[in-house]
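Reproduced below: target04.txt, with compact mmCIF, C-alpha atoms.
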# COMPACT_ATOMS: atom_id res chain seq x y z
CA MET Z 29 13.48 49.76 57.84
CA ASP Z 30 13.81 52.46 55.20
CA VAL Z 31 15.47 51.00 52.07
CA GLY Z 32 14.78 54.01 49.85
CA PRO Z 33 18.26 55.57 50.06
CA LEU Z 34 19.87 52.16 49.52
CA LEU Z 35 17.84 51.52 46.40
CA VAL Z 36 18.62 54.97 45.07
CA SER Z 37 22.33 54.45 45.76
CA THR Z 38 22.33 51.06 44.06
CA HIS Z 39 20.42 52.48 41.13
CA ASN Z 40 22.92 55.33 40.75
CA ARG Z 41 25.88 52.95 40.86
CA SER Z 42 24.26 50.85 38.13
CA LYS Z 43 24.00 53.93 35.97
CA GLU Z 44 27.62 54.81 36.68
CA ASP Z 45 28.76 51.26 35.93
CA LEU Z 46 26.80 51.26 32.68
CA ALA Z 47 28.30 54.59 31.67
CA MET Z 48 31.79 53.37 32.54
CA HIS Z 49 31.32 50.15 30.53
CA LYS Z 50 30.00 52.18 27.62
CA TRP Z 51 33.00 54.51 27.76
CA ILE Z 52 35.41 51.55 27.88
CA PHE Z 53 33.67 49.97 24.88
CA VAL Z 54 33.92 53.18 22.86
CA ALA Z 55 37.61 53.64 23.79
CA VAL Z 56 38.47 50.06 22.84
CA SER Z 57 36.55 50.38 19.58
CA MET Z 58 38.44 53.55 18.71
CA LEU Z 59 41.77 51.90 19.55
CA VAL Z 60 41.01 48.85 17.42
CA SER Z 61 39.81 51.02 14.56
CA GLY Z 62 42.92 53.20 14.85
CA ASN Z 63 45.20 50.18 14.77
CA ALA Z 64 43.36 48.78 11.78
CA PHE Z 65 43.64 52.10 9.97
CA ALA Z 66 47.35 52.37 10.78
CA ALA Z 67 47.93 48.82 9.55
CA ALA Z 68 46.05 49.54 6.36
CA SER Z 69 47.95 52.79 5.86
CA SER Z 70 51.32 51.12 6.31
CA ALA Z 71 50.34 48.19 4.10
CA SER Z 72 49.04 50.30 1.22
CA PRO Z 73 52.43 51.73 0.09
CA VAL Z 74 53.96 48.25 0.26
CA ALA Z 75 51.17 46.75 -1.82
CA GLY Z 76 51.47 49.38 -4.54
CA ALA Z 77 55.20 50.05 -4.38
CA ARG Z 78 57.19 49.89 -7.61
CA LEU Z 79 60.76 50.54 -8.68
CA ALA Z 80 61.43 53.21 -11.27
CA PRO Z 81 64.18 52.37 -13.81
CA ALA Z 82 65.95 55.70 -13.33
CA GLU Z 83 66.44 55.17 -9.59
CA LEU Z 84 68.68 52.15 -10.25
CA ALA Z 85 71.38 54.61 -11.31
CA THR Z 86 71.51 55.85 -7.70
CA TRP Z 87 72.41 52.42 -6.32
CA PRO Z 88 76.16 52.24 -7.09
CA ARG Z 89 78.09 53.23 -3.89
CA MET Z 90 74.88 53.05 -1.85
CA ARG Z 91 75.32 51.71 1.67
CA ALA Z 92 73.97 48.23 2.29
CA THR Z 93 71.94 49.45 5.26
CA ASP Z 94 70.38 52.28 3.22
CA PHE Z 95 69.45 49.83 0.47
CA GLY Z 96 68.03 47.36 3.00
CA CYS Z 97 66.03 50.10 4.72
CA MET Z 98 64.59 51.20 1.37
CA LEU Z 99 63.41 47.64 0.71
CA GLU Z 100 61.90 47.49 4.18
CA LYS Z 101 60.02 50.79 4.00
CA ARG Z 102 58.75 50.50 0.45
CA PHE Z 103 58.29 46.77 -0.03
CA GLY Z 104 58.00 45.35 3.47
CA VAL Z 105 61.15 43.24 3.07
CA GLN Z 106 62.36 42.34 6.57
CA ASP Z 107 66.14 41.97 6.84
CA GLN Z 108 67.52 41.89 10.38
CA LYS Z 109 71.09 42.37 9.19
CA PHE Z 110 70.59 45.23 6.72
CA GLY Z 111 67.18 46.64 7.63
CA CYS Z 112 66.29 50.04 9.05
CA ALA Z 113 67.35 49.01 12.55
CA ALA Z 114 70.91 48.24 11.41
CA ASP Z 115 73.67 50.75 12.19
CA PHE Z 116 76.19 50.91 9.34
CA ASP Z 117 78.97 52.29 11.52
CA ARG Z 118 78.58 49.53 14.11
CA ILE Z 119 78.90 46.67 11.60
CA ASP Z 120 82.31 45.04 11.17
CA TRP Z 121 82.69 45.04 7.38
CA GLY Z 122 85.91 43.01 7.43
CA ASP Z 123 88.74 43.53 4.97
CA GLY Z 124 89.67 42.53 1.45
CA CYS Z 125 92.34 40.06 2.55
CA HIS Z 126 89.76 37.57 3.78
CA ALA Z 127 86.79 36.13 1.93
CA ASP Z 128 84.89 35.48 5.15
CA GLY Z 129 83.06 38.04 7.25
CA ASN Z 130 81.00 40.92 5.85
CA TYR Z 131 83.41 42.30 3.27
CA TYR Z 132 81.28 41.03 0.36
CA ALA Z 133 78.00 40.94 2.28
CA GLY Z 134 74.94 42.93 1.29
CA PRO Z 135 71.18 42.65 0.77
CA GLU Z 136 69.76 40.94 -2.29
CA LEU Z 137 67.11 42.45 -4.53
CA PRO Z 138 64.11 40.12 -4.08
CA ALA Z 139 62.63 38.70 -7.29
CA ARG Z 140 59.18 40.06 -6.44
CA VAL Z 141 60.64 43.56 -6.14
CA ALA Z 142 62.64 43.26 -9.36
CA LYS Z 143 59.44 42.23 -11.15
CA THR Z 144 57.97 45.67 -10.48
CA LEU Z 145 60.42 47.08 -13.04
CA PRO Z 146 58.92 47.49 -16.52
CA ALA Z 147 59.98 45.73 -19.70
CA PRO Z 148 62.43 45.49 -21.35
CA ILE Z 149 64.32 45.03 -18.06
CA LYS Z 150 64.87 41.31 -17.44
CA SER Z 151 67.02 41.19 -14.31
CA VAL Z 152 69.19 43.20 -11.94
CA ASP Z 153 72.20 42.01 -9.99
CA MET Z 154 74.55 43.80 -7.61
CA ALA Z 155 77.90 43.23 -5.91
CA TRP Z 156 78.84 44.53 -2.47
CA GLU Z 157 82.20 45.43 -1.00
CA HIS Z 158 82.85 46.82 2.46
CA GLY Z 159 79.19 47.65 2.92
CA GLU Z 160 78.68 49.56 -0.35
CA ALA Z 161 77.33 48.60 -3.78
CA GLN Z 162 80.37 48.05 -5.96
CA TYR Z 163 78.39 47.68 -9.19
CA VAL Z 164 74.89 47.27 -10.59
CA ARG Z 165 74.24 45.28 -13.76
CA ILE Z 166 70.91 45.40 -15.57
CA LYS Z 167 69.98 42.94 -18.32
CA PHE Z 168 67.42 43.72 -21.01
CA ASP Z 169 65.27 41.83 -23.49
CA PRO Z 170 67.00 40.79 -26.74
CA GLY Z 171 66.90 43.51 -29.36
CA THR Z 172 66.90 46.42 -26.90
CA SER Z 173 68.99 49.19 -28.40
CA LYS Z 174 71.48 51.42 -26.65
CA ARG Z 175 69.26 54.43 -27.21
CA GLU Z 176 66.24 52.63 -25.72
CA ILE Z 177 68.30 51.76 -22.64
CA GLU Z 178 69.46 55.36 -22.23
CA VAL Z 179 65.91 56.72 -22.50
CA LEU Z 180 64.41 54.10 -20.17
CA MET Z 181 67.11 54.58 -17.53
CA GLY Z 182 67.14 58.37 -17.82
CA LEU Z 183 70.80 58.44 -18.81
CA ASP Z 184 72.59 61.08 -20.83
CA ALA Z 185 74.90 59.78 -23.52
CA GLU Z 186 77.46 62.47 -22.68
CA ARG Z 187 77.28 62.42 -18.88
CA ARG Z 188 77.03 59.86 -16.10
CA PRO Z 189 75.71 60.15 -12.52
CA ALA Z 190 78.26 61.43 -9.99
CA ASN Z 191 78.09 58.16 -8.02
CA VAL Z 192 78.96 56.09 -11.11
CA MET Z 193 82.65 55.69 -11.86
CA ASN Z 194 82.15 53.97 -15.20
CA LEU Z 195 79.08 53.22 -17.29
CA THR Z 196 78.97 50.67 -20.11
CA ILE Z 197 76.06 49.71 -22.35
CA THR Z 198 76.41 46.48 -24.30
CA GLU Z 199 74.25 46.52 -27.40
CA CYS Z 200 73.80 43.23 -29.25
CA THR Z 201 73.50 43.24 -33.02
CA ASN Z 202 72.63 39.97 -34.77
CA ASP Z 203 74.13 37.98 -31.89
CA LYS Z 204 71.63 35.56 -30.35
CA ASN Z 205 74.06 34.63 -27.57
CA CYS Z 206 74.42 38.22 -26.44
CA THR Z 207 72.20 39.89 -23.85
CA PRO Z 208 71.90 43.69 -23.94
CA ASN Z 209 72.97 45.08 -20.59
CA LEU Z 210 73.90 48.18 -18.66
CA PHE Z 211 76.86 48.00 -16.27
CA MET Z 212 77.27 50.79 -13.73
CA LEU Z 213 80.49 50.69 -11.70
CA GLY Z 214 80.51 52.48 -8.38
CA PHE Z 215 84.16 51.82 -7.58
CA ASP Z 216 86.93 49.40 -8.56
CA HIS Z 217 87.07 45.98 -6.96
CA MET Z 218 89.63 45.76 -4.15
CA GLY Z 219 90.77 42.23 -3.40
CA PRO Z 220 93.75 40.52 -1.72
CA GLY Z 221 96.09 41.52 -4.56
CA ASP Z 222 95.21 45.18 -4.21
CA PHE Z 223 95.79 45.18 -0.47
CA GLU Z 224 99.10 43.27 -0.76
CA CYS Z 225 97.84 40.81 1.81
CA ASP Z 226 100.86 38.51 1.32
CA THR Z 227 103.19 41.22 2.63
CA VAL Z 228 101.37 41.53 5.98
CA PRO Z 229 103.52 40.20 8.85
CA ALA Z 230 102.59 36.65 9.80
CA LYS Z 231 101.68 37.62 13.37
CA ASN Z 232 98.97 39.93 12.00
CA LYS Z 233 97.47 37.33 9.72
CA ARG Z 234 94.41 35.36 10.78

In structure tokens, what does this structure look like?
Amino acid sequence: MDVGPLLVSTHNRSKEDLAMHKWIFVAVSMLVSGNAFAAASSASPVAGARLAPAELATWPRMRATDFGCMLEKRFGVQDQKFGCAADFDRIDWGDGCHADGNYYAGPELPARVAKTLPAPIKSVDMAWEHGEAQYVRIKFDPGTSKREIEVLMGLDAERRPANVMNLTITECTNDKNCTPNLFMLGFDHMGPGDFECDTVPAKNKR
């Protein structure tokens, strides 16, 4: 019996199998390396991300979903309700006649993100109404002057950003109980009194 052709065929298949396994190994290695590189690339901006004082002036009137998406993209903050996947126009933001629902809902500024702001900024707090930032208040270290606040925040003493309805800087002089702060109002608060909720027909009330 002549086994020569069979041996040759088996030998050739072994070479083909080896080449195939080698190709699969290389492809998998490239895929793993690519995923690792992508993960590192996406993690790097988050790791080194910082807030700039001047950008806080853009927050009044900002949509909650835009703010949440910014936190997600730059700082890796995952928020299912206000993250990048949220659709502002599909959210029921409620109304000012009822304290429940989403009327006053909005994302919080995480402490670890606020800490990326330089001194003399101590803290930042925001209020939300109907899906937009109603105001932003920034507190500073004791002794911070009005001029220092203006320079740090990139504000002009004669002009205010177009998205800011009113801007107030509280400067403390020889008052240990006072905290220097910057208050930026996006729009006036609208509550039950402003909407004349008591005049709504009873059948339309919840």

(message) Just want the 10 Å neighbourhood of Met181 of chain Z, counted on only C-alpha atoms, with same-chain residues fewer than 6 positions away dropped. Output as a list of chain:residue names.
(response) Z:Ala80, Z:Pro81, Z:Ala82, Z:Glu83, Z:Leu84, Z:Ala85, Z:Ile149, Z:Arg175, Z:Leu210

(message) Report, in Å with one decimal, the straight-line distance from atom CA of Ala75 of chain Z to atom CA of Asp115 of chain Z.
(response) 26.8 Å

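Distances to Ala142 of chain Z were evaluated for Z:Arg78, Z:Asp123, Z:Thr201, Z:Pro170 using all atoms listed in the file, and the minimum falls at Z:Arg78.
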
(request) Mind checking which residues fall within 12 Å of Arg140 of chain Z, counting all atoms listed in the file, ignoring those fewer than 3 positions away in the same chain, and posting them as an NGL selection string? (result) :Z and (74-75 or 77-79 or 99 or 103-105 or 136-137 or 143-145 or 151-152)

(request) Tell me, as a list in words, which residues lie within 10 Å of Asp203 of chain Z, counting only C-alpha atoms; anything in the same chain fewer than 4 positions away does not count. (result) Pro170, Gly171, Glu199 and Thr207 of chain Z

(message) Between Z:Gly182, Z:Ala190, Z:Val141, Z:Thr198, which residue has the minimum interatomic distance to Phe168 of chain Z, considering only C-alpha atoms?
(response)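 Counting only C-alpha atoms, the residue closest to Phe168 of chain Z is Z:Thr198.
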
(request) Would you work out the distance separating atom CA of Asn202 of chain Z from atom CA of Ile166 of chain Z, expressed in Å to one decimal? (result) 20.0 Å

(message) Please compute the atom CA of Ala113 of chain Z-atom CA of Ala127 of chain Z distance, one decimal, in Å.
(response)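 Separation of atom CA of Ala113 of chain Z and atom CA of Ala127 of chain Z: 25.6 Å.
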
Padding of 5 Å on every side, edges along x, y and z, all listed atoms of segment 162-177 of chain Z included: what centre and edge lengths in Å, to one decimal, does that box have, as AutoDock Vina command-line options?
--center_x 72.8 --center_y 47.6 --center_z -17.7 --size_x 25.1 --size_y 23.6 --size_z 33.4

(request) For Cys97 of chain Z, work out the shell of residues within 7 Å, counting only C-alpha atoms and skipping chain neighbours fewer than 2 positions away, then give it as a list in words. (result) Thr93, Asp94, Phe95, Leu99, Glu100, Lys101, Phe110, Gly111 and Cys112 of chain Z

(request) Just give me the residues with any atom within 6 Å of (69.9, 43.3, 3.6), file coordinates, counting only C-alpha atoms, written as a list in words. (result) Gly96, Asp107, Lys109, Phe110, Gly111, Gly134 and Pro135 of chain Z

(message) I'd like the neighbourhood of segment 153-159 of chain Z as a list in words, where a residue qualifies if any of its atoms comes within 7 Å (using all atoms listed in the file), though same-chain residues fewer than 6 positions away should be ignored.
(response) Arg91, Ala92, Trp121, Gly122, Tyr131, Tyr132, Ala133, Gly134, Arg165 and Ile166 of chain Z
